[in-house]
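Here is structure34.txt, consisting of compact mmCIF, C-alpha atoms:
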# COMPACT_ATOMS: atom_id res chain seq x y z
CA MET A 1 102.01 146.10 89.81
CA ALA A 2 101.82 144.55 93.29
CA ARG A 3 98.56 142.84 92.32
CA ARG A 4 100.22 141.35 89.23
CA ILE A 5 103.16 140.02 91.31
CA THR A 6 100.73 138.53 93.83
CA LEU A 7 98.80 136.82 91.01
CA ILE A 8 101.99 135.42 89.45
CA ALA A 9 103.24 134.21 92.85
CA GLY A 10 99.86 132.57 93.54
CA LEU A 11 99.85 130.80 90.16
CA ALA A 12 103.41 129.59 90.69
CA ALA A 13 102.54 128.25 94.14
CA ALA A 14 99.47 126.46 92.76
CA ALA A 15 101.50 124.92 89.94
CA PHE A 16 104.14 123.77 92.42
CA GLY A 17 101.44 122.31 94.68
CA LEU A 18 99.95 120.32 91.82
CA SER A 19 103.30 119.08 90.60
CA ALA A 20 104.37 118.10 94.12
CA CYS A 21 101.45 115.68 94.36
CA THR A 22 102.11 114.02 91.00
CA THR A 23 104.14 110.83 91.04
CA MET A 24 105.22 108.77 88.08
CA GLY A 25 107.00 105.50 87.63
CA THR A 26 107.85 102.68 85.33
CA GLY A 27 107.62 98.96 85.57
CA GLN A 28 108.19 95.93 83.50
CA GLY A 29 106.16 92.96 82.51
CA VAL A 30 106.79 89.58 80.98
CA LEU A 31 104.19 88.55 78.42
CA ARG A 32 103.54 84.85 78.07
CA ALA A 33 103.21 84.52 74.29
CA PRO A 34 103.14 81.43 72.03
CA SER A 35 106.60 82.46 70.82
CA GLY A 36 107.94 82.56 74.39
CA ARG A 37 108.35 85.25 77.00
CA GLU A 38 108.48 88.85 75.79
CA ARG A 39 109.06 92.09 77.70
CA VAL A 40 106.32 94.68 78.19
CA ALA A 41 106.99 98.31 79.16
CA LEU A 42 104.69 99.70 81.86
CA THR A 43 104.32 103.28 83.06
CA TRP A 44 102.01 104.95 85.55
CA LYS A 45 101.16 108.48 86.65
CA SER A 46 99.22 109.37 89.80
CA ILE A 47 98.06 112.78 90.97
CA SER A 48 96.10 111.71 94.04
CA GLY A 49 98.24 108.76 95.14
CA MET A 50 95.08 106.61 95.07
CA SER A 51 94.39 106.64 91.34
CA GLY A 52 95.86 107.62 88.03
CA THR A 53 96.60 106.38 84.54
CA MET A 54 98.63 103.40 83.43
CA THR A 55 100.10 102.41 80.07
CA ALA A 56 101.33 99.04 78.84
CA THR A 57 103.25 98.77 75.56
CA LEU A 58 103.36 95.26 74.15
CA PRO A 59 106.33 94.00 72.09
CA ASP A 60 104.30 94.34 68.87
CA GLY A 61 103.77 98.05 69.61
CA VAL A 62 100.13 97.81 70.73
CA LEU A 63 99.55 100.42 73.43
CA TYR A 64 97.02 99.89 76.23
CA THR A 65 96.12 102.82 78.46
CA GLY A 66 93.52 103.53 81.13
CA PRO A 67 92.75 104.23 84.77
CA PHE A 68 94.00 102.48 87.88
CA PHE A 69 92.61 102.70 91.41
CA GLN A 70 93.94 101.64 94.79
CA ILE A 71 91.25 99.92 96.85
CA THR A 72 90.84 101.58 100.26
CA SER A 73 88.24 102.10 102.94
CA GLN A 74 87.67 105.00 105.29
CA VAL A 75 86.08 105.30 108.69
CA SER A 76 85.49 108.45 110.71
CA ARG A 77 87.33 108.50 114.04
CA ASP A 78 84.19 109.71 115.85
CA VAL A 79 82.42 106.43 114.93
CA LEU A 80 85.15 104.65 116.90
CA THR A 81 84.62 106.76 120.04
CA PRO A 82 83.40 103.80 122.18
CA LEU A 83 86.78 102.16 121.62
CA TRP A 84 88.61 105.07 123.27
CA THR A 85 86.84 104.65 126.64
CA GLY A 86 89.44 104.28 129.35
CA TRP A 87 92.32 104.94 126.97
CA ASN A 88 92.04 108.61 125.95
CA GLY A 89 92.60 107.49 122.36
CA TRP A 90 95.04 104.98 120.96
CA TYR A 91 97.56 107.46 119.61
CA ASP A 92 100.51 105.41 120.79
CA TRP A 93 99.54 102.45 118.55
CA ASP A 94 100.70 102.26 114.94
CA ASP A 95 98.44 103.57 112.16
CA TRP A 96 96.30 105.80 114.37
CA GLY A 97 98.34 109.00 114.26
CA GLN A 98 97.62 112.25 116.05
CA GLY A 99 94.79 114.73 115.64
CA PRO A 100 91.16 115.46 116.46
CA MET A 101 88.67 112.62 116.82
CA THR A 102 86.72 113.72 113.71
CA GLU A 103 89.44 112.84 111.19
CA PHE A 104 89.08 109.99 108.76
CA ILE A 105 91.34 106.98 108.86
CA THR A 106 92.25 105.40 105.54
CA ARG A 107 92.83 101.66 105.48
CA TYR A 108 94.88 100.51 102.52
CA SER A 109 94.09 97.07 101.13
CA GLY A 110 97.37 97.02 99.23
CA LYS A 111 95.43 96.17 96.08
CA VAL A 112 95.33 98.12 92.82
CA LEU A 113 93.02 97.42 89.90
CA ALA A 114 93.43 98.77 86.36
CA ASN A 115 91.39 98.57 83.16
CA LEU A 116 93.42 99.49 80.10
CA ARG A 117 92.18 99.81 76.51
CA ALA A 118 93.98 99.63 73.16
CA ALA A 119 93.02 101.61 70.05
CA ASN A 120 91.78 98.37 68.45
CA GLY A 121 89.15 97.98 71.20
CA GLU A 122 90.95 95.21 73.12
CA HIS A 123 91.11 95.56 76.90
CA MET A 124 93.68 94.57 79.50
CA ARG A 125 92.73 94.10 83.13
CA CYS A 126 95.37 94.19 85.85
CA LYS A 127 95.58 93.52 89.56
CA PHE A 128 98.58 94.44 91.68
CA HIS A 129 99.62 94.00 95.30
CA LEU A 130 101.55 96.99 96.64
CA ALA A 131 104.72 96.60 98.68
CA LYS A 132 104.01 99.78 100.68
CA PRO A 133 100.29 100.56 100.29
CA ALA A 134 100.39 103.96 102.04
CA LEU A 135 102.78 105.17 99.31
CA GLY A 136 100.52 104.00 96.48
CA MET A 137 102.19 102.86 93.26
CA ALA A 138 105.28 104.83 94.30
CA GLY A 139 105.93 102.17 96.96
CA GLY A 140 106.31 99.45 94.32
CA GLY A 141 104.49 96.20 93.84
CA ALA A 142 103.77 93.27 91.58
CA GLY A 143 100.82 91.61 89.91
CA LYS A 144 99.27 90.19 86.79
CA CYS A 145 97.45 91.45 83.71
CA GLU A 146 95.29 89.73 81.13
CA THR A 147 94.09 90.88 77.70
CA THR A 148 90.68 90.10 76.23
CA ALA A 149 92.60 88.04 73.65
CA GLY A 150 93.78 85.77 76.48
CA GLN A 151 97.39 86.95 76.73
CA THR A 152 98.73 87.15 80.28
CA LEU A 153 101.68 88.98 81.75
CA ASP A 154 103.45 89.18 85.08
CA ALA A 155 104.22 92.75 86.11
CA TYR A 156 106.64 94.35 88.55
CA PHE A 157 106.93 98.00 89.66
CA PRO A 158 110.02 98.97 91.65
CA PRO A 159 109.66 101.75 94.24
CA ALA A 160 109.68 105.15 92.51
Could you spell out this file's structure in structure tokens?
Amino acid sequence: MARRITLIAGLAAAAFGLSACTTMGTGQGVLRAPSGRERVALTWKSISGMSGTMTATLPDGVLYTGPFFQITSQVSRDVLTPLWTGWNGWYDWDDWGQGPMTEFITRYSGKVLANLRAANGEHMRCKFHLAKPALGMAGGGAGKCETTAGQTLDAYFPPA
């Protein structure tokens, strides 16, 4: 009985841990169409904070969906060791944080790229600039998308 309770508690904790990392949000776009400007519904879901899936629903009901990725770079703190000479680290400067010298530092470009696909085979490519890159899509941002048919839209994501 105790083993069963431990297993259930472990599964519940794992489920909570996975759900705690998932963020979702909505946005809106304005499609520049021959008939004028039309609204586009946008949604996104991220598990890692750096990537996830995005959906765009055009006014005619065509649904585009696919992956998005935030562009980042990483460098190991130990590679930067020569920079610490005489300073005992730079922990008091923004963005460097605390911790051992073997951690990785992530540099956020603030850019997100997405490649969405519709059931009819059309694609939509998107590029966004994040308002708060360390928060990923949850920090909000804006950008543009373009379909293979040549339609363009301006997109906006408020902070989640």
Protein/DNA/RNA residues near (102.3, 93.5, 73.5), cut 12 Å, all atoms listed in the file, as a PyMOL selection string: chain A and resi 28-33+37-42+55-64+118+122-124+145-147+149-153
Export of prior selection with C-alpha atoms as an mmCIF file, in the frame of the given file:
data_model
loop_
_atom_site.group_PDB
_atom_site.id
_atom_site.type_symbol
_atom_site.label_atom_id
_atom_site.label_comp_id
_atom_site.auth_asym_id
_atom_site.auth_seq_id
_atom_site.Cartn_x
_atom_site.Cartn_y
_atom_site.Cartn_z
ATOM 1 C CA GLN A 28 108.190 95.930 83.500
ATOM 2 C CA GLY A 29 106.160 92.960 82.510
ATOM 3 C CA VAL A 30 106.790 89.580 80.980
ATOM 4 C CA LEU A 31 104.190 88.550 78.420
ATOM 5 C CA ARG A 32 103.540 84.850 78.070
ATOM 6 C CA ALA A 33 103.210 84.520 74.290
ATOM 7 C CA ARG A 37 108.350 85.250 77.000
ATOM 8 C CA GLU A 38 108.480 88.850 75.790
ATOM 9 C CA ARG A 39 109.060 92.090 77.700
ATOM 10 C CA VAL A 40 106.320 94.680 78.190
ATOM 11 C CA ALA A 41 106.990 98.310 79.160
ATOM 12 C CA LEU A 42 104.690 99.700 81.860
ATOM 13 C CA THR A 55 100.100 102.410 80.070
ATOM 14 C CA ALA A 56 101.330 99.040 78.840
ATOM 15 C CA THR A 57 103.250 98.770 75.560
ATOM 16 C CA LEU A 58 103.360 95.260 74.150
ATOM 17 C CA PRO A 59 106.330 94.000 72.090
ATOM 18 C CA ASP A 60 104.300 94.340 68.870
ATOM 19 C CA GLY A 61 103.770 98.050 69.610
ATOM 20 C CA VAL A 62 100.130 97.810 70.730
ATOM 21 C CA LEU A 63 99.550 100.420 73.430
ATOM 22 C CA TYR A 64 97.020 99.890 76.230
ATOM 23 C CA ALA A 118 93.980 99.630 73.160
ATOM 24 C CA GLU A 122 90.950 95.210 73.120
ATOM 25 C CA HIS A 123 91.110 95.560 76.900
ATOM 26 C CA MET A 124 93.680 94.570 79.500
ATOM 27 C CA CYS A 145 97.450 91.450 83.710
ATOM 28 C CA GLU A 146 95.290 89.730 81.130
ATOM 29 C CA THR A 147 94.090 90.880 77.700
ATOM 30 C CA ALA A 149 92.600 88.040 73.650
ATOM 31 C CA GLY A 150 93.780 85.770 76.480
ATOM 32 C CA GLN A 151 97.390 86.950 76.730
ATOM 33 C CA THR A 152 98.730 87.150 80.280
ATOM 34 C CA LEU A 153 101.680 88.980 81.750
#
Residue nearest A:Phe157 among A:Val112, A:Ala134, A:Gln70, A:Gly27 (counting all atoms listed in the file):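 Under the stated criterion, the closest residue is A:Gly27.
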Neighbour list for A:Phe128 as a list in words, cut-off 9 Å, all atoms listed in the file, skip fewer than 4 positions in-chain: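 Near neighbours after the sequence-gap exclusion: Gly110, Lys111, Val112, Leu113, Ala114, Gly141, Ala142, Gly143, Lys144, Cys145, Ala155 and Tyr156 of chain A.
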Atom pair atom CA of A:Ser109 / atom CA of A:Gly136: separation (Å): 10.5 Å
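From atom CA of A:Ser51 back to atom CA of A:Cys21, the distance works out to 11.9 Å.
Using all atoms listed in the file, the nearest neighbour of A:Met54 within the list A:Val75, A:Leu116, A:Ile105, A:Ala160 is A:Leu116.
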Distance of atom CA of A:Gly49 from atom CA of A:Ser73, expressed in Å to one decimal place: 14.3 Å
Nearby residues (only C-alpha atoms) at most 9 Å from A:Met24, same-chain spacing under 4 positions excluded, as number ranges by chain: A: 43-47, 137-138, 160
Quick one: stretch 29-48 of chain A from the block, N, CA and C atoms, as a PDB file, in the first residue's frame.
ATOM      1  N   GLY A  29      -3.399  39.032 -35.249  1.00  0.00           N
ATOM      2  CA  GLY A  29      -2.718  39.497 -36.431  1.00  0.00           C
ATOM      3  C   GLY A  29      -3.681  40.257 -37.319  1.00  0.00           C
ATOM      4  N   VAL A  30      -3.128  41.065 -38.185  1.00  0.00           N
ATOM      5  CA  VAL A  30      -3.913  41.789 -39.173  1.00  0.00           C
ATOM      6  C   VAL A  30      -3.389  41.377 -40.543  1.00  0.00           C
ATOM      7  N   LEU A  31      -4.229  40.682 -41.288  1.00  0.00           N
ATOM      8  CA  LEU A  31      -3.880  40.201 -42.616  1.00  0.00           C
ATOM      9  C   LEU A  31      -4.144  41.291 -43.637  1.00  0.00           C
ATOM     10  N   ARG A  32      -3.145  41.549 -44.457  1.00  0.00           N
ATOM     11  CA  ARG A  32      -3.318  42.521 -45.536  1.00  0.00           C
ATOM     12  C   ARG A  32      -3.842  41.763 -46.753  1.00  0.00           C
ATOM     13  N   ALA A  33      -5.135  41.835 -46.977  1.00  0.00           N
ATOM     14  CA  ALA A  33      -5.788  41.116 -48.066  1.00  0.00           C
ATOM     15  C   ALA A  33      -6.283  42.112 -49.120  1.00  0.00           C
ATOM     16  N   PRO A  34      -6.529  41.642 -50.356  1.00  0.00           N
ATOM     17  CA  PRO A  34      -7.063  42.534 -51.392  1.00  0.00           C
ATOM     18  C   PRO A  34      -8.362  43.222 -50.963  1.00  0.00           C
ATOM     19  N   SER A  35      -9.129  42.529 -50.115  1.00  0.00           N
ATOM     20  CA  SER A  35     -10.402  43.096 -49.659  1.00  0.00           C
ATOM     21  C   SER A  35     -10.233  44.060 -48.485  1.00  0.00           C
ATOM     22  N   GLY A  36      -9.010  44.249 -48.029  1.00  0.00           N
ATOM     23  CA  GLY A  36      -8.748  45.124 -46.886  1.00  0.00           C
ATOM     24  C   GLY A  36      -8.038  44.378 -45.780  1.00  0.00           C
ATOM     25  N   ARG A  37      -8.077  44.946 -44.598  1.00  0.00           N
ATOM     26  CA  ARG A  37      -7.420  44.324 -43.443  1.00  0.00           C
ATOM     27  C   ARG A  37      -8.395  43.396 -42.728  1.00  0.00           C
ATOM     28  N   GLU A  38      -7.917  42.184 -42.427  1.00  0.00           N
ATOM     29  CA  GLU A  38      -8.747  41.196 -41.742  1.00  0.00           C
ATOM     30  C   GLU A  38      -7.985  40.637 -40.549  1.00  0.00           C
ATOM     31  N   ARG A  39      -8.714  40.310 -39.488  1.00  0.00           N
ATOM     32  CA  ARG A  39      -8.096  39.800 -38.261  1.00  0.00           C
ATOM     33  C   ARG A  39      -7.735  38.321 -38.381  1.00  0.00           C
ATOM     34  N   VAL A  40      -6.603  37.971 -37.763  1.00  0.00           N
ATOM     35  CA  VAL A  40      -6.121  36.598 -37.699  1.00  0.00           C
ATOM     36  C   VAL A  40      -5.943  36.244 -36.230  1.00  0.00           C
ATOM     37  N   ALA A  41      -6.419  35.058 -35.838  1.00  0.00           N
ATOM     38  CA  ALA A  41      -6.254  34.582 -34.461  1.00  0.00           C
ATOM     39  C   ALA A  41      -4.966  33.774 -34.380  1.00  0.00           C
ATOM     40  N   LEU A  42      -4.136  34.082 -33.398  1.00  0.00           N
ATOM     41  CA  LEU A  42      -2.870  33.381 -33.190  1.00  0.00           C
ATOM     42  C   LEU A  42      -2.838  32.782 -31.792  1.00  0.00           C
ATOM     43  N   THR A  43      -2.312  31.574 -31.680  1.00  0.00           N
ATOM     44  CA  THR A  43      -2.108  30.946 -30.372  1.00  0.00           C
ATOM     45  C   THR A  43      -0.732  30.300 -30.369  1.00  0.00           C
ATOM     46  N   TRP A  44      -0.169  30.137 -29.183  1.00  0.00           N
ATOM     47  CA  TRP A  44       1.104  29.447 -29.047  1.00  0.00           C
ATOM     48  C   TRP A  44       1.117  28.648 -27.755  1.00  0.00           C
ATOM     49  N   LYS A  45       1.936  27.592 -27.754  1.00  0.00           N
ATOM     50  CA  LYS A  45       2.117  26.764 -26.561  1.00  0.00           C
ATOM     51  C   LYS A  45       3.591  26.375 -26.499  1.00  0.00           C
ATOM     52  N   SER A  46       4.210  26.607 -25.357  1.00  0.00           N
ATOM     53  CA  SER A  46       5.625  26.298 -25.173  1.00  0.00           C
ATOM     54  C   SER A  46       5.807  25.443 -23.936  1.00  0.00           C
ATOM     55  N   ILE A  47       6.595  24.403 -24.047  1.00  0.00           N
ATOM     56  CA  ILE A  47       6.917  23.573 -22.894  1.00  0.00           C
ATOM     57  C   ILE A  47       8.287  23.952 -22.352  1.00  0.00           C
ATOM     58  N   SER A  48       9.222  24.266 -23.242  1.00  0.00           N
ATOM     59  CA  SER A  48      10.593  24.555 -22.825  1.00  0.00           C
ATOM     60  C   SER A  48      10.860  26.036 -22.596  1.00  0.00           C
TER      61      SER A  48
END
